[in-house]
$ cat start.cif   # mmCIF, C-alpha atoms
data_final
loop_
_atom_site.label_atom_id
_atom_site.label_comp_id
_atom_site.auth_asym_id
_atom_site.auth_seq_id
_atom_site.Cartn_x
_atom_site.Cartn_y
_atom_site.Cartn_z
CA MET A 1 0.00 0.00 0.00
CA PRO A 2 1.16 3.56 -0.63
CA LEU A 3 1.78 6.09 2.12
CA ARG A 4 -0.79 8.87 1.71
CA LYS A 5 -1.44 10.19 5.19
CA ALA A 6 0.26 11.09 8.44
CA VAL A 7 -1.71 11.46 11.65
CA ILE A 8 0.01 13.25 14.52
CA VAL A 9 -1.14 11.99 17.92
CA PRO A 10 0.20 14.44 20.52
CA GLY A 11 1.22 13.90 24.09
CA ASN A 12 -1.34 14.47 26.81
CA GLY A 13 -1.85 17.98 28.13
CA SER A 14 -0.96 19.61 24.81
CA GLY A 15 -3.97 21.94 24.69
CA ASP A 16 -4.17 23.59 21.26
CA VAL A 17 -2.03 21.10 19.35
CA GLU A 18 -1.54 23.40 16.38
CA ARG A 19 0.51 25.70 18.64
CA SER A 20 2.08 23.05 20.86
CA ASN A 21 5.63 21.73 20.49
CA TRP A 22 6.52 20.82 16.86
CA TYR A 23 3.07 19.53 15.91
CA GLY A 24 1.74 22.42 13.82
CA TRP A 25 5.13 22.97 12.19
CA ALA A 26 5.33 19.27 11.25
CA ARG A 27 1.78 19.26 9.84
CA LYS A 28 2.67 22.12 7.51
CA GLN A 29 5.90 20.41 6.39
CA ILE A 30 4.21 17.04 5.75
CA ASP A 31 1.42 18.73 3.78
CA LYS A 32 4.14 19.95 1.37
CA ILE A 33 5.16 16.36 0.52
CA PRO A 34 3.55 15.38 -2.81
CA ASP A 35 0.52 13.09 -2.46
CA MET A 36 0.59 13.35 1.35
CA THR A 37 -1.81 14.88 3.80
CA CYS A 38 -1.33 15.35 7.51
CA ILE A 39 -4.07 15.29 10.11
CA LEU A 40 -3.58 17.08 13.42
CA LYS A 41 -6.55 17.59 15.73
CA ASN A 42 -7.08 18.53 19.34
CA MET A 43 -7.65 15.27 21.12
CA PRO A 44 -10.66 14.56 23.31
CA ASP A 45 -9.78 13.88 26.95
CA PRO A 46 -6.46 15.72 26.47
CA VAL A 47 -5.15 15.43 30.05
CA THR A 48 -5.71 11.77 30.94
CA ALA A 49 -5.52 10.64 27.29
CA ARG A 50 -7.63 7.56 28.00
CA GLU A 51 -7.16 4.68 25.58
CA SER A 52 -10.94 4.14 25.53
CA VAL A 53 -11.36 7.66 24.12
CA TRP A 54 -8.24 8.14 22.02
CA LEU A 55 -8.24 4.89 20.01
CA PRO A 56 -11.81 5.39 18.69
CA PHE A 57 -10.88 9.00 17.85
CA MET A 58 -7.87 7.71 15.90
CA GLU A 59 -10.25 5.46 13.95
CA GLU A 60 -12.40 8.53 13.20
CA MET A 61 -9.28 10.28 11.87
CA GLY A 62 -8.93 7.45 9.37
CA CYS A 63 -5.76 5.72 10.57
CA ASP A 64 -5.41 2.86 8.10
CA GLU A 65 -2.95 0.92 5.93
CA GLU A 66 -1.99 4.10 4.04
CA THR A 67 -1.25 5.99 7.28
CA VAL A 68 1.83 6.58 9.34
CA ILE A 69 0.90 7.52 12.90
CA ILE A 70 3.34 9.95 14.48
CA GLY A 71 2.87 9.50 18.21
CA HIS A 72 4.58 11.68 20.81
CA SER A 73 4.73 10.61 24.47
CA SER A 74 1.18 9.53 25.41
CA GLY A 75 0.48 9.63 21.69
CA ALA A 76 3.24 7.04 21.22
CA ALA A 77 1.51 4.77 23.76
CA ALA A 78 -1.77 5.28 21.87
CA ALA A 79 -0.08 4.49 18.54
CA LEU A 80 1.37 1.27 19.95
CA ARG A 81 -1.97 0.10 21.35
CA TYR A 82 -3.73 1.06 18.10
CA ALA A 83 -1.26 -1.04 16.10
CA GLU A 84 -2.02 -4.08 18.22
CA SER A 85 -5.32 -4.42 16.34
CA HIS A 86 -5.08 -2.20 13.23
CA LYS A 87 -3.01 -2.45 10.06
CA LEU A 88 -0.95 0.69 9.37
CA PHE A 89 1.69 1.74 6.90
CA GLY A 90 3.89 2.53 9.87
CA ILE A 91 4.46 4.26 13.18
CA ILE A 92 6.93 6.98 14.12
CA LEU A 93 7.33 7.00 17.89
CA VAL A 94 8.71 10.07 19.67
CA GLY A 95 9.42 9.66 23.37
CA ALA A 96 7.89 6.16 23.64
CA TYR A 97 7.69 4.26 26.90
CA VAL A 98 6.26 1.02 28.29
CA SER A 99 5.00 1.62 31.84
CA ASP A 100 2.86 4.07 33.79
CA LEU A 101 6.10 5.44 35.30
CA GLY A 102 4.45 5.33 38.73
CA ASP A 103 2.21 8.23 37.69
CA GLU A 104 -1.50 8.24 38.58
CA THR A 105 -2.60 9.97 35.36
CA GLU A 106 -0.57 7.56 33.23
CA ARG A 107 -2.10 4.64 35.13
CA ALA A 108 -5.61 6.05 34.55
CA SER A 109 -5.00 6.26 30.78
CA GLY A 110 -5.41 2.49 30.48
CA TYR A 111 -2.43 1.87 28.18
CA PHE A 112 -0.30 0.18 30.82
CA ASN A 113 -2.70 -2.25 32.51
CA ARG A 114 -1.66 -5.29 30.43
CA PRO A 115 1.36 -6.61 28.55
CA TRP A 116 2.25 -5.14 25.18
CA ASP A 117 1.52 -7.34 22.16
CA TRP A 118 4.84 -6.66 20.43
CA SER A 119 4.25 -9.36 17.81
CA SER A 120 0.96 -7.84 16.63
CA ILE A 121 2.41 -4.34 16.63
CA SER A 122 5.33 -5.51 14.48
CA SER A 123 3.13 -7.35 12.00
CA ASN A 124 0.49 -4.60 11.77
CA ALA A 125 2.86 -1.65 11.39
CA GLY A 126 5.02 -2.18 8.34
CA HIS A 127 7.57 0.47 9.28
CA LEU A 128 8.71 1.32 12.81
CA VAL A 129 10.80 4.42 13.44
CA GLN A 130 11.63 5.73 16.91
CA PHE A 131 13.10 8.97 18.25
CA GLY A 132 14.34 9.06 21.82
CA SER A 133 16.68 11.10 23.96
CA SER A 134 18.72 9.90 26.91
CA ASP A 135 18.23 13.28 28.64
CA ASP A 136 14.41 13.05 28.59
CA PRO A 137 13.34 14.43 31.99
CA PHE A 138 10.16 12.31 32.03
CA LEU A 139 11.20 8.99 30.48
CA PRO A 140 14.09 6.84 31.64
CA TRP A 141 16.20 5.68 28.70
CA GLU A 142 15.53 2.05 29.69
CA GLU A 143 11.83 2.51 28.89
CA GLN A 144 12.62 3.91 25.45
CA GLN A 145 15.19 1.20 24.77
CA GLU A 146 12.68 -1.50 25.72
CA VAL A 147 10.37 -0.31 22.93
CA ALA A 148 13.27 -0.36 20.46
CA ASP A 149 14.40 -3.82 21.56
CA ASN A 150 10.95 -5.38 21.38
CA LEU A 151 10.01 -3.85 18.03
CA LYS A 152 13.42 -3.66 16.35
CA THR A 153 12.66 -0.04 15.47
CA GLU A 154 14.86 2.21 13.38
CA LEU A 155 16.08 4.02 16.49
CA HIS A 156 17.33 7.60 16.39
CA ARG A 157 18.95 8.15 19.78
CA TYR A 158 19.87 11.62 20.98
CA SER A 159 21.39 12.91 24.19
CA ASP A 160 20.23 16.53 23.96
CA ARG A 161 16.54 16.62 22.93
CA GLY A 162 14.83 16.16 26.28
CA HIS A 163 11.17 15.27 25.70
CA PHE A 164 11.14 16.62 22.13
CA GLN A 165 9.18 19.76 23.01
CA ASN A 166 10.95 22.00 20.50
CA THR A 167 9.09 24.00 17.85
CA ALA A 168 10.71 22.35 14.81
CA PHE A 169 11.74 18.75 14.19
CA PRO A 170 13.48 18.41 10.78
CA GLU A 171 14.62 14.82 11.48
CA LEU A 172 10.98 13.79 11.75
CA ILE A 173 10.22 15.23 8.31
CA ALA A 174 13.26 13.42 6.90
CA ALA A 175 11.87 10.16 8.36
CA VAL A 176 8.45 10.76 6.76
CA ASN A 177 10.14 11.52 3.41
CA LYS A 178 12.17 8.31 3.72
CA LEU A 179 9.01 6.28 4.37
CA LYS A 180 7.23 7.95 1.46
CA ALA A 181 10.13 7.07 -0.84
CA ALA A 182 10.06 3.45 0.37
CA ALA A 183 6.32 3.12 -0.35
#
$ encode --input "start.cif" --output "structure tokens"
Amino acid sequence: MPLRKAVIVPGNGSGDVERSNWYGWARKQIDKIPDMTCILKNMPDPVTARESVWLPFMEEMGCDEETVIIGHSSGAAAALRYAESHKLFGIILVGAYVSDLGDETERASGYFNRPWDWSSISSNAGHLVQFGSSDDPFLPWEEQQEVADNLKTELHRYSDRGHFQNTAFPELIAAVNKLKAAA
């Protein structure tokens, strides 16, 4: 299947996603790629980011076999759970993690109450790219590495990006272009 769409699933607490972190900037850059469209919407339940709310919303946004989901933080957890039961062109994970980190809000989201189905994620998401930074103030590197190890992602490891809350993210656009060329 061709790659025709990117859907950016933000981290929780992002508020107006168009003006948060690199999301709006990335949407504009991806929309410039020929035969690509990028969907970025304010998520329902933006603070707790409950799986029971976010995954159906991702279905409404049309995440399918011609879609790469770009998930940041809680959005990465949502992308992983979505791929357990949905075929996708691929997933780009930014600041991915595997546990509730001992945080009550993360626990309430519902993503971390059962084991990850790494096998289904791998078979349903044709391409797996991951961005992580060892200086992330919220996510221990071991959590990010566990995702990479279990999924054999194309891992882009940094030591100076924190939680990827900058306003531009050119490496992400390069990854989308690379996936588009591979389609």
$ residues_around --input "start.cif" --residues "Asp135 (chain A)" --least-positions-apart "5" --cutoff "10 Å" --atoms "only C-alpha atoms" --output "number ranges by chain"
A: 140-141, 158-163
$ residues_around --input "start.cif" --residues "Glu154 (chain A)" --least-positions-apart "2" --cutoff "9 Å" --atoms "only C-alpha atoms" --output "PyMOL selection string"
chain A and resi 127-131+148+152+156
$ write_last_selection --input "start.cif" --atoms "C-alpha atoms" --output "tab-separated table (two decimals), keeping the file's coordinate frame"
chain	number	residue	atom	x	y	z
A	127	HIS	CA	7.57	0.47	9.28
A	128	LEU	CA	8.71	1.32	12.81
A	129	VAL	CA	10.80	4.42	13.44
A	130	GLN	CA	11.63	5.73	16.91
A	131	PHE	CA	13.10	8.97	18.25
A	148	ALA	CA	13.27	-0.36	20.46
A	152	LYS	CA	13.42	-3.66	16.35
A	156	HIS	CA	17.33	7.60	16.39
$ residues_around --input "start.cif" --residues "Met61 (chain A)" --least-positions-apart "4" --cutoff "8 Å" --atoms "all atoms listed in the file" --output "list in words"
Val7, Ile39 and Phe57 of chain A
$ write_last_selection --input "start.cif" --atoms "C-alpha atoms" --output "PDB file, in the frame of the given file"
ATOM      1  CA  VAL A   7      -1.710  11.460  11.650  1.00  0.00           C
ATOM      2  CA  ILE A  39      -4.070  15.290  10.110  1.00  0.00           C
ATOM      3  CA  PHE A  57     -10.880   9.000  17.850  1.00  0.00           C
TER       4      PHE A  57
END
$ resolve_selection --input "start.cif" --expression "the PyMOL selection byres ((chain A and resi 87-99) around 6)" --output "number ranges by chain"
A: 64-73, 76, 86, 100-101, 112, 124-132, 143-144
$ atom_distance --input "start.cif" --atom1 "CA of Gly13 (chain A)" --atom2 "CA of Leu179 (chain A)"
28.6 Å
